[in-house]
Structures are given as structure tokens and as C-alpha cells.
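S.K.: Can you keep this structure in mind? I'll have questions shortly.
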Amino acid sequence: MEQRGRSRPEAAYCRSKGFTMSIQIYGFWRSIASFRVRVALKLKGLPFEEIPIDILSGEQFKPGYEAVNAERVVPTFIHDGHSVFQSLAIIEYLEDIQPDPRLIPHDPKERAYARSLALLTVADAHPLVVPRVRNHLAKSFGADAKMIEDWGKHWTTEGLSTYERLLSRRKPAPFALGAEPGLADICIAGQVVGAHFLKLEMSGFPIVARLAEHCFELPAFATSHPFEQSGYKSAVAHR
């Protein structure tokens with residue numbers, strides 16, 4: 001939340017990282033939640049700076065970033081000194097400050113449908129495969145790399161299977177709610193990104209795969225993919 005009457009820790013931390021104040025997101029190349037926010041910003045045509053927080057090395061737990069986001073996760077969105085966290089809340093904030101193009105429908109029934117599709121990933125599937133869950137599986141239950149990978153494949157597949165069932169009842173045309181991409185498509189594409197990480201075969205989810213193809217034909221989606229981020233390219237180069 002905006003800090004009134006005292007120094008803003010996010011502003012100080014941003015300056016320490018060498019960035020000026022406008023629109024910033026603290027994110028990470030591998031973060032699917034950061035992907036969702038990148039896409040929304042680009043669909044809205046809003047310029048931004050992304051400040052990398054390496055959540056694999058534990059940078060999110062350092063005091064500087066904890067002062068920005070007490071949850072110690074990414075992304076965190078900063079606009080005019082106002083801080084918003086959680087990708088769905090950030091996208092809804094963007095919808096309020098930049099209504100066009102719309103990502104969330106006006107109609108209550110359509111809006112509820114879009115949010116339901118979004119929450120399938122945001123609330124159900126994705127939280128089960130994030131780093132803190134994988135780390136807990138290893139630390140508390142002795143899960144090895146293969147077990148953790150199988151865990152991720154299971155829950156990512158469950159999310160894809162549910163999307164396939166839902167989209168078979170209301171076919172994309174070509175996007176989930178019609179002619180233009182929106183909140184639901186951003187979140188479905190994020191679930192597919194998770195499948196890319198795990199090298200999952202998409203042939204069992206043809207409707208989801210076609211929707212994702214339409215999404216990634218758009219620059220806002222394609223340039224936001226984790227594999228297109230400098231952090232990924234740097235990590236590959238150092239292997």
C-alpha cells in the first residue's frame with residue numbers, strides 16, 4: 001500500500017537498484033505470475049521497467065526487498081509510489097487506471113467467467129508448483145529432484161485438463177471470451193508456460209494448445225514468455 005507521511009521503502013530500494021520512478025515491476029524471468037503482469041502491461045501499451053529479483057537464489061528474503069513486499073514473492077507492481085502485489089490484483093488495478101483495451105468484461109456474467117478461468121491457475125494450479133512449495137517438499141519430506149518434477153507435472157497437467165474440459169463447453173473464438181485477448185487468456189497462457197518448463201506434451205489438450213498458439217502469435221505474449229527474457233538467456237549461456 002502507499003506509504004503516507006514517511007519514506008517509501010519501495011522507492012528507496014528501486015533507487016538502490018538504479019531505476020527511476022514511473023511504472024516498475026519487481027519480477028523474475030521464470031515467474032509465471034510475472035509473465036501474467038508483463039502481458040497485461042504490454043496489452044495495455046503501458047511502458048514499464050522490470051527489476052529482477054532472483055527468487056531461486058533467495059533474493060526475495062533479503063531485508064531490502066522484504067520492505068517492498070512483506071509476502072516476499074514476485075511480482076510487486078509500483079505506480080506513482082503505490083505498491084500492489086498479487087498478479088490478479090495488479091491486472092485489475094491496470095484495468096482501472098487504463099481501461100482500454102479492456103481485459104475484464106463489463107458484463108457481470110462474462111466478468112465472473114473470466115475471473116473463474118483466471119483463478120483456476122492463479123488460485124488452484126500454479127500455487128502448488130512455485131519454488132517455496134518445491135523447497136518445502138525437499139526439506140520436509142525428502143523429495144528428490146525426480147519426485148519434485150513429477151509433482152509439478154501432475155498439478156500442471158491437472159490445470160490443463162480442467163481448462164480443456166471448460167473450453168470444450170464454450171469454444172474459444174479465437175480467445176476464451178471472444179475476438180480479443182483478456183484476463184482469462186493471460187492466465188491460460190501462463191499455465192501453458194508452466195507446461196513448457198516441464199516439457200509436457202500438449203497433444204492431449206488440443207483446445208488449450210490452439211488458444212495458446214493464438215496468444216503467442218501476439219507480441220505482448222511472445223515477448224513476455226520467460227524464454228524471451230534476458231535472465232533466461234543469461235542462465236542458458238552460463239550452463
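Chain labels A, B, ... are given in the sequence in which chains occur in the C-alpha cells; within each chain residues are numbered consecutively from 1, and ligands are likewise numbered from 1 in the order shown.
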Can you list, as a list in words, every protein, DNA or RNA residue that comes within 7 Å of range 88-98 of chain A when you count only C-alpha atoms, leaving out same-chain residues fewer than 4 positions away?

M.R.: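 Close residues of range 88-98 of chain A: Val37, Ala40, Lys44, Phe77, Val84, Arg102 and Leu103 of chain A.
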
S.K.: Write the residues of the preceding selection, restricted to N, CA and C atoms, as a PDB file, in the first residue's frame.

M.R.:
ATOM      1  N   VAL A  37       1.704 -10.401 -15.514  1.00  0.00           N
ATOM      2  CA  VAL A  37       1.698  -8.941 -15.398  1.00  0.00           C
ATOM      3  C   VAL A  37       2.381  -8.303 -16.605  1.00  0.00           C
ATOM      4  N   ALA A  40      -0.137  -8.221 -19.460  1.00  0.00           N
ATOM      5  CA  ALA A  40      -1.182  -7.213 -19.247  1.00  0.00           C
ATOM      6  C   ALA A  40      -0.660  -5.812 -19.528  1.00  0.00           C
ATOM      7  N   LYS A  44      -1.914  -3.367 -22.606  1.00  0.00           N
ATOM      8  CA  LYS A  44      -2.400  -2.026 -22.292  1.00  0.00           C
ATOM      9  C   LYS A  44      -1.537  -0.935 -22.923  1.00  0.00           C
ATOM     10  N   PHE A  77       4.178  -4.561  -8.041  1.00  0.00           N
ATOM     11  CA  PHE A  77       3.935  -3.504  -9.020  1.00  0.00           C
ATOM     12  C   PHE A  77       3.978  -2.156  -8.309  1.00  0.00           C
ATOM     13  N   VAL A  84       1.329  -2.543  -5.355  1.00  0.00           N
ATOM     14  CA  VAL A  84       0.292  -3.569  -5.454  1.00  0.00           C
ATOM     15  C   VAL A  84       0.987  -4.910  -5.629  1.00  0.00           C
ATOM     16  N   ARG A 102      -9.850  -3.275 -22.953  1.00  0.00           N
ATOM     17  CA  ARG A 102     -10.364  -3.978 -21.783  1.00  0.00           C
ATOM     18  C   ARG A 102      -9.821  -5.400 -21.729  1.00  0.00           C
ATOM     19  N   LEU A 103      -9.461  -5.819 -20.521  1.00  0.00           N
ATOM     20  CA  LEU A 103      -9.042  -7.195 -20.278  1.00  0.00           C
ATOM     21  C   LEU A 103     -10.085  -7.968 -19.479  1.00  0.00           C
TER      22      LEU A 103
END

S.K.: With 12 Å as the cut-off and only C-alpha atoms counted, what is the closest atom pair between each nearby residue of range 124-170 of chain A and range 209-219 of chain A? Distances in Å to one decimal, ordered by chain and number, as a tab-separated table.

M.R.:
residue	atom	partner	partner_atom	distance
A:Leu160	CA	A:Ala209	CA	9.5
A:Ser161	CA	A:Ala209	CA	11.4
A:Tyr163	CA	A:Ala209	CA	10.4
A:Glu164	CA	A:Ala209	CA	9.1
A:Leu167	CA	A:Leu211	CA	9.5
A:Ser168	CA	A:Leu211	CA	11.6

S.K.: Next, dump the selected residues to file, keeping only N, CA, C and O atoms, as a CSV table (one decimal), in the first residue's frame.

M.R.:
chain,number,residue,atom,x,y,z
A,160,LEU,N,-4.2,-28.0,-16.9
A,160,LEU,CA,-4.5,-28.1,-18.3
A,160,LEU,C,-5.7,-28.9,-18.6
A,160,LEU,O,-6.6,-28.6,-19.5
A,161,SER,N,-5.9,-30.1,-17.9
A,161,SER,CA,-7.1,-30.9,-18.1
A,161,SER,C,-8.4,-30.2,-17.8
A,161,SER,O,-9.4,-30.3,-18.5
A,163,TYR,N,-8.8,-26.9,-17.8
A,163,TYR,CA,-9.1,-25.9,-18.9
A,163,TYR,C,-9.6,-26.6,-20.1
A,163,TYR,O,-10.5,-26.0,-20.8
A,164,GLU,N,-9.1,-27.7,-20.5
A,164,GLU,CA,-9.6,-28.4,-21.7
A,164,GLU,C,-11.1,-28.7,-21.6
A,164,GLU,O,-11.9,-28.5,-22.5
A,167,LEU,N,-13.1,-25.3,-21.7
A,167,LEU,CA,-13.1,-24.7,-23.0
A,167,LEU,C,-13.8,-25.6,-24.1
A,167,LEU,O,-14.2,-25.0,-25.1
A,168,SER,N,-14.0,-26.8,-23.8
A,168,SER,CA,-14.8,-27.7,-24.7
A,168,SER,C,-16.3,-27.3,-24.6
A,168,SER,O,-17.0,-27.6,-25.6

S.K.: Which parts of range 63-143 of chain A does DSSP call alpha helix (DSSP H) when run on the backbone here, written out as a ChimeraX atom specification?

M.R.: /A:63-66,87-97,108-119,131-141

S.K.: Range 92-127 of chain A near range 190-201 of chain A within 9 Å: what's each residue's closest atom pair and its distance in Å to one decimal, counting only C-alpha atoms, ordered by chain then ascending residue number, as JSON lines?

M.R.:
{"residue": "A:Thr121", "atom": "CA", "partner": "A:Gln191", "partner_atom": "CA", "distance": 6.5}
{"residue": "A:Ala125", "atom": "CA", "partner": "A:Gln191", "partner_atom": "CA", "distance": 8.1}
{"residue": "A:His126", "atom": "CA", "partner": "A:Gln191", "partner_atom": "CA", "distance": 7.4}

S.K.: Please list as a list in words every residue within 12 Å of Arg165 in chain A, counting only C-alpha atoms and excluding residues in the same chain fewer than 2 positions away.

M.R.: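 What passes the distance filter is Leu117, Glu158, Gly159, Leu160, Ser161, Thr162, Tyr163, Leu167, Ser168, Arg169, Arg170, Lys171, Gly204, Phe205, Pro206, Ile207 and Val208 of chain A.
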
S.K.: Can you write out the residues you just picked, keeping N, CA, C and O atoms, as a PDB file, in the first residue's frame?

M.R.:
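Output saved as result15.pdb:
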ATOM      1  N   LEU A 117     -11.969 -18.529 -14.890  1.00  0.00           N
ATOM      2  CA  LEU A 117     -10.903 -19.138 -15.680  1.00  0.00           C
ATOM      3  C   LEU A 117      -9.529 -18.700 -15.161  1.00  0.00           C
ATOM      4  O   LEU A 117      -8.594 -19.502 -15.082  1.00  0.00           O
ATOM      5  N   GLU A 158      -3.117 -31.350 -14.270  1.00  0.00           N
ATOM      6  CA  GLU A 158      -4.471 -31.197 -13.725  1.00  0.00           C
ATOM      7  C   GLU A 158      -5.076 -29.863 -14.172  1.00  0.00           C
ATOM      8  O   GLU A 158      -6.256 -29.798 -14.545  1.00  0.00           O
ATOM      9  N   GLY A 159      -4.282 -28.799 -14.119  1.00  0.00           N
ATOM     10  CA  GLY A 159      -4.771 -27.493 -14.555  1.00  0.00           C
ATOM     11  C   GLY A 159      -5.111 -27.479 -16.034  1.00  0.00           C
ATOM     12  O   GLY A 159      -6.166 -26.968 -16.445  1.00  0.00           O
ATOM     13  N   LEU A 160      -4.243 -28.047 -16.863  1.00  0.00           N
ATOM     14  CA  LEU A 160      -4.505 -28.113 -18.300  1.00  0.00           C
ATOM     15  C   LEU A 160      -5.748 -28.938 -18.603  1.00  0.00           C
ATOM     16  O   LEU A 160      -6.555 -28.569 -19.466  1.00  0.00           O
ATOM     17  N   SER A 161      -5.922 -30.057 -17.897  1.00  0.00           N
ATOM     18  CA  SER A 161      -7.087 -30.916 -18.117  1.00  0.00           C
ATOM     19  C   SER A 161      -8.377 -30.183 -17.782  1.00  0.00           C
ATOM     20  O   SER A 161      -9.386 -30.303 -18.506  1.00  0.00           O
ATOM     21  N   THR A 162      -8.364 -29.432 -16.705  1.00  0.00           N
ATOM     22  CA  THR A 162      -9.561 -28.682 -16.329  1.00  0.00           C
ATOM     23  C   THR A 162      -9.876 -27.613 -17.355  1.00  0.00           C
ATOM     24  O   THR A 162     -11.043 -27.419 -17.745  1.00  0.00           O
ATOM     25  N   TYR A 163      -8.844 -26.898 -17.816  1.00  0.00           N
ATOM     26  CA  TYR A 163      -9.073 -25.906 -18.872  1.00  0.00           C
ATOM     27  C   TYR A 163      -9.646 -26.566 -20.127  1.00  0.00           C
ATOM     28  O   TYR A 163     -10.546 -26.016 -20.769  1.00  0.00           O
ATOM     29  N   LEU A 167     -13.096 -25.328 -21.727  1.00  0.00           N
ATOM     30  CA  LEU A 167     -13.091 -24.707 -23.049  1.00  0.00           C
ATOM     31  C   LEU A 167     -13.812 -25.557 -24.084  1.00  0.00           C
ATOM     32  O   LEU A 167     -14.234 -25.046 -25.125  1.00  0.00           O
ATOM     33  N   SER A 168     -13.995 -26.843 -23.819  1.00  0.00           N
ATOM     34  CA  SER A 168     -14.775 -27.681 -24.738  1.00  0.00           C
ATOM     35  C   SER A 168     -16.261 -27.340 -24.649  1.00  0.00           C
ATOM     36  O   SER A 168     -17.019 -27.587 -25.596  1.00  0.00           O
ATOM     37  N   ARG A 169     -16.683 -26.769 -23.526  1.00  0.00           N
ATOM     38  CA  ARG A 169     -18.089 -26.398 -23.350  1.00  0.00           C
ATOM     39  C   ARG A 169     -18.387 -25.029 -23.958  1.00  0.00           C
ATOM     40  O   ARG A 169     -19.523 -24.748 -24.353  1.00  0.00           O
ATOM     41  N   ARG A 170     -17.368 -24.178 -23.969  1.00  0.00           N
ATOM     42  CA  ARG A 170     -17.503 -22.873 -24.612  1.00  0.00           C
ATOM     43  C   ARG A 170     -16.222 -22.649 -25.398  1.00  0.00           C
ATOM     44  O   ARG A 170     -15.204 -22.240 -24.858  1.00  0.00           O
ATOM     45  N   LYS A 171     -16.282 -22.914 -26.683  1.00  0.00           N
ATOM     46  CA  LYS A 171     -15.088 -22.904 -27.526  1.00  0.00           C
ATOM     47  C   LYS A 171     -14.532 -21.480 -27.654  1.00  0.00           C
ATOM     48  O   LYS A 171     -15.296 -20.525 -27.837  1.00  0.00           O
ATOM     49  N   GLY A 204      -2.622 -33.765 -25.800  1.00  0.00           N
ATOM     50  CA  GLY A 204      -3.808 -34.178 -25.061  1.00  0.00           C
ATOM     51  C   GLY A 204      -4.739 -33.037 -24.711  1.00  0.00           C
ATOM     52  O   GLY A 204      -5.831 -33.263 -24.173  1.00  0.00           O
ATOM     53  N   PHE A 205      -4.323 -31.806 -25.042  1.00  0.00           N
ATOM     54  CA  PHE A 205      -5.117 -30.613 -24.713  1.00  0.00           C
ATOM     55  C   PHE A 205      -5.231 -29.736 -25.961  1.00  0.00           C
ATOM     56  O   PHE A 205      -4.735 -28.605 -25.986  1.00  0.00           O
ATOM     57  N   PRO A 206      -5.887 -30.237 -27.020  1.00  0.00           N
ATOM     58  CA  PRO A 206      -5.869 -29.514 -28.299  1.00  0.00           C
ATOM     59  C   PRO A 206      -6.530 -28.143 -28.257  1.00  0.00           C
ATOM     60  O   PRO A 206      -6.063 -27.214 -28.932  1.00  0.00           O
ATOM     61  N   ILE A 207      -7.588 -27.986 -27.477  1.00  0.00           N
ATOM     62  CA  ILE A 207      -8.269 -26.686 -27.427  1.00  0.00           C
ATOM     63  C   ILE A 207      -7.385 -25.669 -26.706  1.00  0.00           C
ATOM     64  O   ILE A 207      -7.229 -24.527 -27.162  1.00  0.00           O
ATOM     65  N   VAL A 208      -6.799 -26.091 -25.600  1.00  0.00           N
ATOM     66  CA  VAL A 208      -5.885 -25.205 -24.869  1.00  0.00           C
ATOM     67  C   VAL A 208      -4.692 -24.853 -25.744  1.00  0.00           C
ATOM     68  O   VAL A 208      -4.249 -23.691 -25.787  1.00  0.00           O
TER      69      VAL A 208
END

S.K.: Do you have, as a Markdown table, the list of residues of range 96-193 of chain A lying at most 12 Å from range 52-68 of chain A, each with its nearest atom pair and that distance in Å to one decimal, counting only C-alpha atoms and ordered by chain then number?

M.R.:
| residue | atom | partner | partner_atom | distance |
| --- | --- | --- | --- | --- |
| A:Val130 | CA | A:Ile55 | CA | 10.0 |
| A:Pro131 | CA | A:Leu56 | CA | 7.1 |
| A:Arg132 | CA | A:Ile55 | CA | 9.2 |
| A:Arg134 | CA | A:Leu56 | CA | 10.9 |
| A:Asn135 | CA | A:Leu56 | CA | 9.9 |

S.K.: Write the residues you've just listed into a file as a tab-separated table (two decimals), in the first residue's frame, and include all heavy atoms for each of them.

M.R.:
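Dumped to result38.tsv:
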chain	number	residue	atom	x	y	z
A	130	VAL	N	5.14	-23.56	-7.17
A	130	VAL	CA	6.07	-22.45	-7.01
A	130	VAL	C	7.29	-22.89	-6.19
A	130	VAL	O	7.26	-23.92	-5.52
A	130	VAL	CB	5.38	-21.24	-6.35
A	130	VAL	CG1	4.27	-20.71	-7.25
A	130	VAL	CG2	4.83	-21.61	-4.98
A	131	PRO	N	8.40	-22.11	-6.23
A	131	PRO	CA	9.63	-22.53	-5.55
A	131	PRO	C	9.48	-22.84	-4.07
A	131	PRO	O	10.07	-23.81	-3.57
A	131	PRO	CB	10.57	-21.33	-5.77
A	131	PRO	CG	10.12	-20.76	-7.07
A	131	PRO	CD	8.64	-20.91	-7.07
A	132	ARG	N	8.68	-22.06	-3.34
A	132	ARG	CA	8.59	-22.32	-1.90
A	132	ARG	C	7.92	-23.66	-1.61
A	132	ARG	O	8.24	-24.31	-0.61
A	132	ARG	CB	7.86	-21.17	-1.19
A	132	ARG	CG	6.48	-20.86	-1.70
A	132	ARG	CD	5.92	-19.64	-0.98
A	132	ARG	NE	4.67	-19.20	-1.56
A	132	ARG	CZ	3.99	-18.15	-1.11
A	132	ARG	NH1	4.45	-17.45	-0.10
A	132	ARG	NH2	2.86	-17.79	-1.67
A	134	ARG	N	8.13	-26.33	-3.78
A	134	ARG	CA	9.15	-27.31	-4.16
A	134	ARG	C	10.23	-27.44	-3.08
A	134	ARG	O	10.66	-28.55	-2.74
A	134	ARG	CB	9.78	-26.93	-5.51
A	134	ARG	CG	8.79	-26.90	-6.66
A	134	ARG	CD	9.48	-26.94	-8.01
A	134	ARG	NE	10.43	-25.86	-8.19
A	134	ARG	CZ	10.14	-24.69	-8.75
A	134	ARG	NH1	8.90	-24.45	-9.16
A	134	ARG	NH2	11.05	-23.76	-8.90
A	135	ASN	N	10.63	-26.30	-2.54
A	135	ASN	CA	11.64	-26.34	-1.47
A	135	ASN	C	11.12	-27.05	-0.23
A	135	ASN	O	11.86	-27.79	0.44
A	135	ASN	CB	12.07	-24.91	-1.11
A	135	ASN	CG	12.85	-24.24	-2.22
A	135	ASN	OD1	13.42	-24.91	-3.09
A	135	ASN	ND2	12.88	-22.92	-2.22
